[in-house]
file coords_11.pdb (PDB, C-alpha atoms)
MODEL        1
ATOM      1  CA  MET A   1     161.819  18.033 -86.703  1.00  0.00           C
ATOM      2  CA  GLN A   2     158.689  18.159 -88.869  1.00  0.00           C
ATOM      3  CA  ILE A   3     155.395  19.354 -87.444  1.00  0.00           C
ATOM      4  CA  SER A   4     152.014  18.323 -88.829  1.00  0.00           C
ATOM      5  CA  TYR A   5     148.882  20.388 -88.153  1.00  0.00           C
ATOM      6  CA  ILE A   6     145.173  19.826 -88.302  1.00  0.00           C
ATOM      7  CA  SER A   7     142.723  22.663 -88.002  1.00  0.00           C
ATOM      8  CA  LYS A   8     139.073  23.372 -87.405  1.00  0.00           C
ATOM      9  CA  GLY A   9     137.353  26.718 -87.701  1.00  0.00           C
ATOM     10  CA  VAL A  10     133.923  27.844 -86.546  1.00  0.00           C
ATOM     11  CA  SER A  11     132.246  31.175 -87.208  1.00  0.00           C
ATOM     12  CA  TYR A  12     128.714  32.415 -86.755  1.00  0.00           C
ATOM     13  CA  ASP A  13     128.897  35.574 -88.815  1.00  0.00           C
ATOM     14  CA  ASN A  14     131.507  37.566 -90.721  1.00  0.00           C
ATOM     15  CA  ASP A  15     132.961  39.088 -87.560  1.00  0.00           C
ATOM     16  CA  HIS A  16     133.094  36.320 -84.936  1.00  0.00           C
ATOM     17  CA  GLY A  17     134.818  32.973 -84.929  1.00  0.00           C
ATOM     18  CA  ILE A  18     137.547  30.734 -83.595  1.00  0.00           C
ATOM     19  CA  CYS A  19     140.075  28.559 -85.360  1.00  0.00           C
ATOM     20  CA  LEU A  20     141.893  25.666 -83.684  1.00  0.00           C
ATOM     21  CA  PHE A  21     145.274  24.403 -84.891  1.00  0.00           C
ATOM     22  CA  VAL A  22     146.716  21.260 -83.328  1.00  0.00           C
ATOM     23  CA  GLY A  23     150.369  20.550 -83.985  1.00  0.00           C
ATOM     24  CA  ARG A  24     152.253  17.296 -83.540  1.00  0.00           C
ATOM     25  CA  ARG A  25     155.608  15.915 -84.585  1.00  0.00           C
ATOM     26  CA  THR A  26     155.185  13.699 -87.624  1.00  0.00           C
ATOM     27  CA  ASP A  27     156.863  10.823 -85.759  1.00  0.00           C
ATOM     28  CA  ASP A  28     154.666  11.148 -82.637  1.00  0.00           C
ATOM     29  CA  PRO A  29     150.855  10.829 -82.506  1.00  0.00           C
ATOM     30  CA  THR A  30     150.568  12.922 -79.324  1.00  0.00           C
ATOM     31  CA  PRO A  31     149.883  16.626 -79.929  1.00  0.00           C
ATOM     32  CA  ARG A  32     152.568  19.102 -78.911  1.00  0.00           C
ATOM     33  CA  GLU A  33     150.446  22.243 -78.812  1.00  0.00           C
ATOM     34  CA  PHE A  34     146.962  23.611 -79.241  1.00  0.00           C
ATOM     35  CA  THR A  35     146.534  27.071 -80.759  1.00  0.00           C
ATOM     36  CA  TYR A  36     143.208  28.859 -80.644  1.00  0.00           C
ATOM     37  CA  ILE A  37     142.976  32.005 -82.784  1.00  0.00           C
ATOM     38  CA  PHE A  38     140.094  34.334 -81.945  1.00  0.00           C
ATOM     39  CA  GLU A  39     138.092  36.689 -84.118  1.00  0.00           C
ATOM     40  CA  LEU A  40     136.010  37.887 -81.188  1.00  0.00           C
ATOM     41  CA  ASP A  41     135.427  41.252 -79.523  1.00  0.00           C
ATOM     42  CA  ILE A  42     137.554  40.248 -76.499  1.00  0.00           C
ATOM     43  CA  ASP A  43     138.741  42.788 -73.947  1.00  0.00           C
ATOM     44  CA  PRO A  44     142.376  41.616 -73.677  1.00  0.00           C
ATOM     45  CA  ALA A  45     142.770  43.137 -70.210  1.00  0.00           C
ATOM     46  CA  LYS A  46     140.277  40.634 -68.738  1.00  0.00           C
ATOM     47  CA  ASP A  47     140.684  36.917 -68.110  1.00  0.00           C
ATOM     48  CA  MET A  48     138.836  34.564 -70.394  1.00  0.00           C
ATOM     49  CA  THR A  49     137.673  31.096 -69.413  1.00  0.00           C
ATOM     50  CA  VAL A  50     138.095  27.871 -71.332  1.00  0.00           C
ATOM     51  CA  CYS A  51     135.643  25.147 -70.323  1.00  0.00           C
ATOM     52  CA  PHE A  52     135.310  21.676 -71.806  1.00  0.00           C
ATOM     53  CA  GLN A  53     131.815  20.186 -71.732  1.00  0.00           C
ATOM     54  CA  LYS A  54     130.133  16.968 -72.755  1.00  0.00           C
ATOM     55  CA  ARG A  55     126.382  17.137 -73.345  1.00  0.00           C
ATOM     56  CA  GLY A  56     126.304  20.455 -71.481  1.00  0.00           C
ATOM     57  CA  ARG A  57     128.088  19.152 -68.388  1.00  0.00           C
ATOM     58  CA  TYR A  58     131.321  20.686 -67.152  1.00  0.00           C
ATOM     59  CA  MET A  59     134.348  18.401 -67.468  1.00  0.00           C
ATOM     60  CA  ALA A  60     137.387  20.645 -67.015  1.00  0.00           C
ATOM     61  CA  GLY A  61     138.369  24.261 -67.415  1.00  0.00           C
ATOM     62  CA  PHE A  62     140.666  27.111 -66.547  1.00  0.00           C
ATOM     63  CA  SER A  63     141.025  30.861 -66.991  1.00  0.00           C
ATOM     64  CA  TYR A  64     143.571  32.523 -69.228  1.00  0.00           C
ATOM     65  CA  LEU A  65     144.809  36.067 -69.861  1.00  0.00           C
ATOM     66  CA  LEU A  66     145.873  36.821 -73.429  1.00  0.00           C
ATOM     67  CA  ASN A  67     149.513  37.778 -73.907  1.00  0.00           C
ATOM     68  CA  PRO A  68     149.589  41.637 -73.878  1.00  0.00           C
ATOM     69  CA  LYS A  69     152.503  41.763 -76.337  1.00  0.00           C
ATOM     70  CA  ALA A  70     150.663  39.531 -78.821  1.00  0.00           C
ATOM     71  CA  VAL A  71     147.491  41.605 -78.423  1.00  0.00           C
ATOM     72  CA  GLU A  72     149.466  44.777 -79.271  1.00  0.00           C
ATOM     73  CA  GLU A  73     150.588  43.052 -82.463  1.00  0.00           C
ATOM     74  CA  GLY A  74     146.956  42.229 -83.307  1.00  0.00           C
ATOM     75  CA  HIS A  75     147.060  38.520 -82.427  1.00  0.00           C
ATOM     76  CA  LEU A  76     144.191  37.353 -80.279  1.00  0.00           C
ATOM     77  CA  ALA A  77     145.326  33.797 -79.678  1.00  0.00           C
ATOM     78  CA  ILE A  78     146.330  31.327 -77.031  1.00  0.00           C
ATOM     79  CA  VAL A  79     149.022  28.712 -77.581  1.00  0.00           C
ATOM     80  CA  LEU A  80     148.936  25.924 -75.031  1.00  0.00           C
ATOM     81  CA  PRO A  81     151.084  22.834 -74.580  1.00  0.00           C
ATOM     82  CA  ASN A  82     149.337  19.471 -74.460  1.00  0.00           C
ATOM     83  CA  ILE A  83     149.767  19.286 -70.681  1.00  0.00           C
ATOM     84  CA  VAL A  84     148.578  22.463 -68.932  1.00  0.00           C
ATOM     85  CA  ASP A  85     149.306  23.304 -65.286  1.00  0.00           C
ATOM     86  CA  LEU A  86     145.998  24.569 -63.928  1.00  0.00           C
ATOM     87  CA  PRO A  87     146.444  27.875 -62.123  1.00  0.00           C
ATOM     88  CA  LYS A  88     145.970  27.953 -58.356  1.00  0.00           C
ATOM     89  CA  SER A  89     146.058  24.164 -58.062  1.00  0.00           C
ATOM     90  CA  SER A  90     148.506  21.311 -58.299  1.00  0.00           C
ATOM     91  CA  CYS A  91     146.474  19.657 -61.071  1.00  0.00           C
ATOM     92  CA  LYS A  92     147.441  19.179 -64.692  1.00  0.00           C
ATOM     93  CA  LEU A  93     145.070  18.980 -67.656  1.00  0.00           C
ATOM     94  CA  ASN A  94     145.830  16.874 -70.715  1.00  0.00           C
ATOM     95  CA  LEU A  95     144.299  18.978 -73.509  1.00  0.00           C
ATOM     96  CA  PHE A  96     144.306  16.108 -75.985  1.00  0.00           C
ATOM     97  CA  GLU A  97     142.190  14.012 -73.618  1.00  0.00           C
ATOM     98  CA  ALA A  98     139.945  17.002 -72.877  1.00  0.00           C
ATOM     99  CA  HIS A  99     139.326  17.550 -76.597  1.00  0.00           C
ATOM    100  CA  ILE A 100     138.623  13.857 -77.194  1.00  0.00           C
ATOM    101  CA  GLU A 101     136.321  13.393 -74.190  1.00  0.00           C
ATOM    102  CA  SER A 102     134.377  16.640 -74.755  1.00  0.00           C
ATOM    103  CA  ASP A 103     131.932  17.664 -77.411  1.00  0.00           C
ATOM    104  CA  THR A 104     132.268  21.431 -76.885  1.00  0.00           C
ATOM    105  CA  ALA A 105     134.869  23.956 -75.757  1.00  0.00           C
ATOM    106  CA  VAL A 106     133.196  27.053 -74.309  1.00  0.00           C
ATOM    107  CA  PHE A 107     135.156  30.311 -74.262  1.00  0.00           C
ATOM    108  CA  GLY A 108     133.810  32.873 -71.806  1.00  0.00           C
ATOM    109  CA  TYR A 109     135.085  36.409 -72.167  1.00  0.00           C
ATOM    110  CA  THR A 110     134.397  40.079 -71.523  1.00  0.00           C
ATOM    111  CA  SER A 111     133.690  42.088 -74.669  1.00  0.00           C
ATOM    112  CA  VAL A 112     135.323  45.438 -75.326  1.00  0.00           C
ATOM    113  CA  GLU A 113     131.968  46.997 -74.305  1.00  0.00           C
ATOM    114  CA  GLY A 114     132.203  45.242 -70.913  1.00  0.00           C
ATOM    115  CA  LYS A 115     129.533  42.573 -71.552  1.00  0.00           C
ATOM    116  CA  GLN A 116     130.003  38.950 -70.539  1.00  0.00           C
ATOM    117  CA  LYS A 117     129.877  36.706 -73.623  1.00  0.00           C
ATOM    118  CA  GLU A 118     130.654  33.158 -74.601  1.00  0.00           C
ATOM    119  CA  PHE A 119     131.521  31.333 -77.795  1.00  0.00           C
ATOM    120  CA  ARG A 120     130.693  27.636 -78.052  1.00  0.00           C
ATOM    121  CA  PHE A 121     133.244  25.781 -80.176  1.00  0.00           C
ATOM    122  CA  PRO A 122     131.906  22.338 -81.166  1.00  0.00           C
ATOM    123  CA  LEU A 123     134.495  19.585 -81.148  1.00  0.00           C
ATOM    124  CA  THR A 124     132.377  17.280 -83.301  1.00  0.00           C
ATOM    125  CA  GLY A 125     134.606  15.555 -85.831  1.00  0.00           C
ATOM    126  CA  PHE A 126     137.839  16.499 -84.064  1.00  0.00           C
ATOM    127  CA  ASN A 127     138.663  12.894 -83.095  1.00  0.00           C
ATOM    128  CA  GLU A 128     137.996  11.593 -86.572  1.00  0.00           C
ATOM    129  CA  LYS A 129     139.952  14.357 -88.298  1.00  0.00           C
ATOM    130  CA  TYR A 130     142.912  13.881 -85.975  1.00  0.00           C
ATOM    131  CA  LEU A 131     142.944  10.104 -86.396  1.00  0.00           C
ATOM    132  CA  GLU A 132     142.697  10.375 -90.214  1.00  0.00           C
ATOM    133  CA  GLN A 133     146.330  11.534 -90.194  1.00  0.00           C
ATOM    134  CA  PHE A 134     147.435   8.007 -89.344  1.00  0.00           C
ATOM    135  CA  ILE A 135     145.486   6.089 -91.998  1.00  0.00           C
TER     136      ILE A 135
ENDMDL
END

call {"tool": "encode", "arguments": {"input": "coords_11.pdb", "output": "structure tokens"}}
result
Amino acid sequence: MQISYISKGVSYDNDHGICLFVGRRTDDPTPREFTYIFELDIDPAKDMTVCFQKRGRYMAGFSYLLNPKAVEEGHLAIVLPNIVDLPKSSCKLNLFEAHIESDTAVFGYTSVEGKQKEFRFPLTGFNEKYLEQFI
């Protein structure tokens, strides 16, 4: 099975940024997984929130705790399947649809100093870049 990836990275200085990798089987246009890699001052013991917005309006979101084992190894990342079971509900979220319908993914987190912070990850160009794979 061959996997094809597209990526998008956003940073606002030398120390803070996020990179998104989207993987799909080469024979299937639907993404298999979404990987967000963080270069942020995240306190890994606290939940972070992922919120999809369009023109500043909330569309969908959930909270997530980073994998403690991965954090010990120095990997601040989340790897999510295309269909996510939302915690504490019976709802499912299609991440591909959320990325297409949104213009921003907002990551809310607690810094290692205990301050509440957020990183706004623009999704502008994501649809086009993903669809270019099939031309």

call {"tool": "residues_near_point", "arguments": {"input": "coords_11.pdb", "point": "(139.4, 23.9, -76.3)", "cutoff": "10 Å", "atoms": "all atoms listed in the file", "output": "list in words"}}
result
Leu20, Phe34, Thr35, Tyr36, Val50, Cys51, Phe52, Gln53, Gly61, Leu80, Leu95, Phe96, Ala98, His99, Ser102, Asp103, Thr104, Ala105, Val106, Phe107, Arg120, Phe121, Pro122 and Leu123 of chain A

call {"tool": "atom_distance", "arguments": {"input": "coords_11.pdb", "atom1": "atom CA of A:Lys117", "atom2": "atom CA of A:Glu33"}}
result
25.7 Å

call {"tool": "closest_residue", "arguments": {"input": "coords_11.pdb", "among": "A:Asn127, A:Lys46, A:Ile100, A:Phe119", "to": "A:His16", "atoms": "only C-alpha atoms"}}
result
A:Phe119

call {"tool": "resolve_selection", "arguments": {"input": "coords_11.pdb", "expression": "the PyMOL selection byres ((chain A and resi 93) around 9)", "output": "list in words"}}
result
Ala60, Gly61, Asn82, Ile83, Val84, Asp85, Leu86, Cys91, Lys92, Asn94, Leu95, Phe96, Glu97 and Ala98 of chain A

call {"tool": "closest_residue", "arguments": {"input": "coords_11.pdb", "among": "A:Pro87, A:Gly17, A:Leu65, A:His75", "to": "A:Met48", "atoms": "all atoms listed in the file"}}
result
A:Leu65

call {"tool": "resolve_selection", "arguments": {"input": "coords_11.pdb", "expression": "the PyMOL selection byres ((chain A and resi 8) around 6)", "output": "MDAnalysis selection string"}}
result
chainID A and resid 7 9 19:20

call {"tool": "build_atoms", "arguments": {"input": "coords_11.pdb", "residues": "stretch 35-46 of chain A", "atoms": "all heavy atoms", "output": "PDB file, in the frame of the given file"}}
result
ATOM      1  N   THR A  35     146.598  25.626 -80.528  1.00  0.00           N
ATOM      2  CA  THR A  35     146.534  27.071 -80.759  1.00  0.00           C
ATOM      3  C   THR A  35     145.106  27.440 -81.128  1.00  0.00           C
ATOM      4  O   THR A  35     144.564  26.923 -82.099  1.00  0.00           O
ATOM      5  CB  THR A  35     147.479  27.492 -81.902  1.00  0.00           C
ATOM      6  OG1 THR A  35     148.808  27.079 -81.581  1.00  0.00           O
ATOM      7  CG2 THR A  35     147.434  28.994 -82.122  1.00  0.00           C
ATOM      8  N   TYR A  36     144.517  28.303 -80.333  1.00  0.00           N
ATOM      9  CA  TYR A  36     143.208  28.859 -80.644  1.00  0.00           C
ATOM     10  C   TYR A  36     143.404  30.303 -81.078  1.00  0.00           C
ATOM     11  O   TYR A  36     144.013  31.094 -80.350  1.00  0.00           O
ATOM     12  CB  TYR A  36     142.283  28.820 -79.425  1.00  0.00           C
ATOM     13  CG  TYR A  36     141.629  27.493 -79.184  1.00  0.00           C
ATOM     14  CD1 TYR A  36     142.156  26.585 -78.278  1.00  0.00           C
ATOM     15  CD2 TYR A  36     140.469  27.141 -79.869  1.00  0.00           C
ATOM     16  CE1 TYR A  36     141.544  25.364 -78.052  1.00  0.00           C
ATOM     17  CE2 TYR A  36     139.856  25.926 -79.651  1.00  0.00           C
ATOM     18  CZ  TYR A  36     140.395  25.044 -78.739  1.00  0.00           C
ATOM     19  OH  TYR A  36     139.783  23.839 -78.527  1.00  0.00           O
ATOM     20  N   ILE A  37     142.904  30.640 -82.262  1.00  0.00           N
ATOM     21  CA  ILE A  37     142.976  32.005 -82.784  1.00  0.00           C
ATOM     22  C   ILE A  37     141.555  32.565 -82.753  1.00  0.00           C
ATOM     23  O   ILE A  37     140.623  31.938 -83.260  1.00  0.00           O
ATOM     24  CB  ILE A  37     143.545  32.024 -84.209  1.00  0.00           C
ATOM     25  CG1 ILE A  37     144.958  31.430 -84.200  1.00  0.00           C
ATOM     26  CG2 ILE A  37     143.545  33.450 -84.772  1.00  0.00           C
ATOM     27  CD1 ILE A  37     145.549  31.203 -85.558  1.00  0.00           C
ATOM     28  N   PHE A  38     141.418  33.749 -82.172  1.00  0.00           N
ATOM     29  CA  PHE A  38     140.094  34.334 -81.945  1.00  0.00           C
ATOM     30  C   PHE A  38     139.817  35.515 -82.863  1.00  0.00           C
ATOM     31  O   PHE A  38     140.664  36.388 -83.021  1.00  0.00           O
ATOM     32  CB  PHE A  38     139.972  34.828 -80.498  1.00  0.00           C
ATOM     33  CG  PHE A  38     140.251  33.757 -79.481  1.00  0.00           C
ATOM     34  CD1 PHE A  38     141.466  33.706 -78.833  1.00  0.00           C
ATOM     35  CD2 PHE A  38     139.299  32.797 -79.195  1.00  0.00           C
ATOM     36  CE1 PHE A  38     141.735  32.714 -77.902  1.00  0.00           C
ATOM     37  CE2 PHE A  38     139.555  31.813 -78.268  1.00  0.00           C
ATOM     38  CZ  PHE A  38     140.777  31.764 -77.614  1.00  0.00           C
ATOM     39  N   GLU A  39     138.652  35.521 -83.437  1.00  0.00           N
ATOM     40  CA  GLU A  39     138.092  36.689 -84.118  1.00  0.00           C
ATOM     41  C   GLU A  39     136.843  37.056 -83.321  1.00  0.00           C
ATOM     42  O   GLU A  39     135.713  36.875 -83.768  1.00  0.00           O
ATOM     43  CB  GLU A  39     137.739  36.366 -85.572  1.00  0.00           C
ATOM     44  CG  GLU A  39     138.937  36.176 -86.471  1.00  0.00           C
ATOM     45  CD  GLU A  39     139.731  37.458 -86.673  1.00  0.00           C
ATOM     46  OE1 GLU A  39     139.127  38.557 -86.655  1.00  0.00           O
ATOM     47  OE2 GLU A  39     140.951  37.375 -86.846  1.00  0.00           O
ATOM     48  N   LEU A  40     137.082  37.521 -82.098  1.00  0.00           N
ATOM     49  CA  LEU A  40     136.010  37.887 -81.188  1.00  0.00           C
ATOM     50  C   LEU A  40     136.289  39.274 -80.643  1.00  0.00           C
ATOM     51  O   LEU A  40     137.419  39.758 -80.696  1.00  0.00           O
ATOM     52  CB  LEU A  40     135.929  36.888 -80.020  1.00  0.00           C
ATOM     53  CG  LEU A  40     135.675  35.416 -80.375  1.00  0.00           C
ATOM     54  CD1 LEU A  40     135.807  34.539 -79.135  1.00  0.00           C
ATOM     55  CD2 LEU A  40     134.305  35.248 -80.997  1.00  0.00           C
ATOM     56  N   ASP A  41     135.275  39.908 -80.095  1.00  0.00           N
ATOM     57  CA  ASP A  41     135.427  41.252 -79.523  1.00  0.00           C
ATOM     58  C   ASP A  41     135.884  41.161 -78.065  1.00  0.00           C
ATOM     59  O   ASP A  41     135.261  41.665 -77.159  1.00  0.00           O
ATOM     60  CB  ASP A  41     134.123  42.044 -79.658  1.00  0.00           C
ATOM     61  CG  ASP A  41     132.937  41.359 -79.003  1.00  0.00           C
ATOM     62  OD1 ASP A  41     132.982  40.123 -78.807  1.00  0.00           O
ATOM     63  OD2 ASP A  41     131.952  42.047 -78.697  1.00  0.00           O
ATOM     64  N   ILE A  42     137.025  40.507 -77.841  1.00  0.00           N
ATOM     65  CA  ILE A  42     137.554  40.248 -76.499  1.00  0.00           C
ATOM     66  C   ILE A  42     138.251  41.479 -75.943  1.00  0.00           C
ATOM     67  O   ILE A  42     139.058  42.108 -76.626  1.00  0.00           O
ATOM     68  CB  ILE A  42     138.564  39.080 -76.548  1.00  0.00           C
ATOM     69  CG1 ILE A  42     137.876  37.804 -77.011  1.00  0.00           C
ATOM     70  CG2 ILE A  42     139.242  38.886 -75.204  1.00  0.00           C
ATOM     71  CD1 ILE A  42     138.838  36.660 -77.265  1.00  0.00           C
ATOM     72  N   ASP A  43     137.972  41.782 -74.673  1.00  0.00           N
ATOM     73  CA  ASP A  43     138.741  42.788 -73.947  1.00  0.00           C
ATOM     74  C   ASP A  43     140.000  42.073 -73.453  1.00  0.00           C
ATOM     75  O   ASP A  43     139.926  41.235 -72.548  1.00  0.00           O
ATOM     76  CB  ASP A  43     137.934  43.336 -72.771  1.00  0.00           C
ATOM     77  CG  ASP A  43     138.698  44.363 -71.959  1.00  0.00           C
ATOM     78  OD1 ASP A  43     139.930  44.519 -72.150  1.00  0.00           O
ATOM     79  OD2 ASP A  43     138.065  45.025 -71.112  1.00  0.00           O
ATOM     80  N   PRO A  44     141.164  42.363 -74.031  1.00  0.00           N
ATOM     81  CA  PRO A  44     142.376  41.616 -73.677  1.00  0.00           C
ATOM     82  C   PRO A  44     142.881  41.863 -72.258  1.00  0.00           C
ATOM     83  O   PRO A  44     143.750  41.135 -71.783  1.00  0.00           O
ATOM     84  CB  PRO A  44     143.393  42.085 -74.720  1.00  0.00           C
ATOM     85  CG  PRO A  44     142.903  43.403 -75.174  1.00  0.00           C
ATOM     86  CD  PRO A  44     141.407  43.369 -75.051  1.00  0.00           C
ATOM     87  N   ALA A  45     142.338  42.857 -71.571  1.00  0.00           N
ATOM     88  CA  ALA A  45     142.770  43.137 -70.210  1.00  0.00           C
ATOM     89  C   ALA A  45     142.061  42.235 -69.195  1.00  0.00           C
ATOM     90  O   ALA A  45     142.419  42.219 -68.023  1.00  0.00           O
ATOM     91  CB  ALA A  45     142.512  44.599 -69.862  1.00  0.00           C
ATOM     92  N   LYS A  46     141.060  41.490 -69.635  1.00  0.00           N
ATOM     93  CA  LYS A  46     140.277  40.634 -68.738  1.00  0.00           C
ATOM     94  C   LYS A  46     140.587  39.153 -69.010  1.00  0.00           C
ATOM     95  O   LYS A  46     140.845  38.760 -70.143  1.00  0.00           O
ATOM     96  CB  LYS A  46     138.773  40.847 -68.962  1.00  0.00           C
ATOM     97  CG  LYS A  46     138.315  42.280 -68.877  1.00  0.00           C
ATOM     98  CD  LYS A  46     138.219  42.724 -67.463  1.00  0.00           C
ATOM     99  CE  LYS A  46     137.631  44.138 -67.456  1.00  0.00           C
ATOM    100  NZ  LYS A  46     137.517  44.686 -66.166  1.00  0.00           N
TER     101      LYS A  46
END
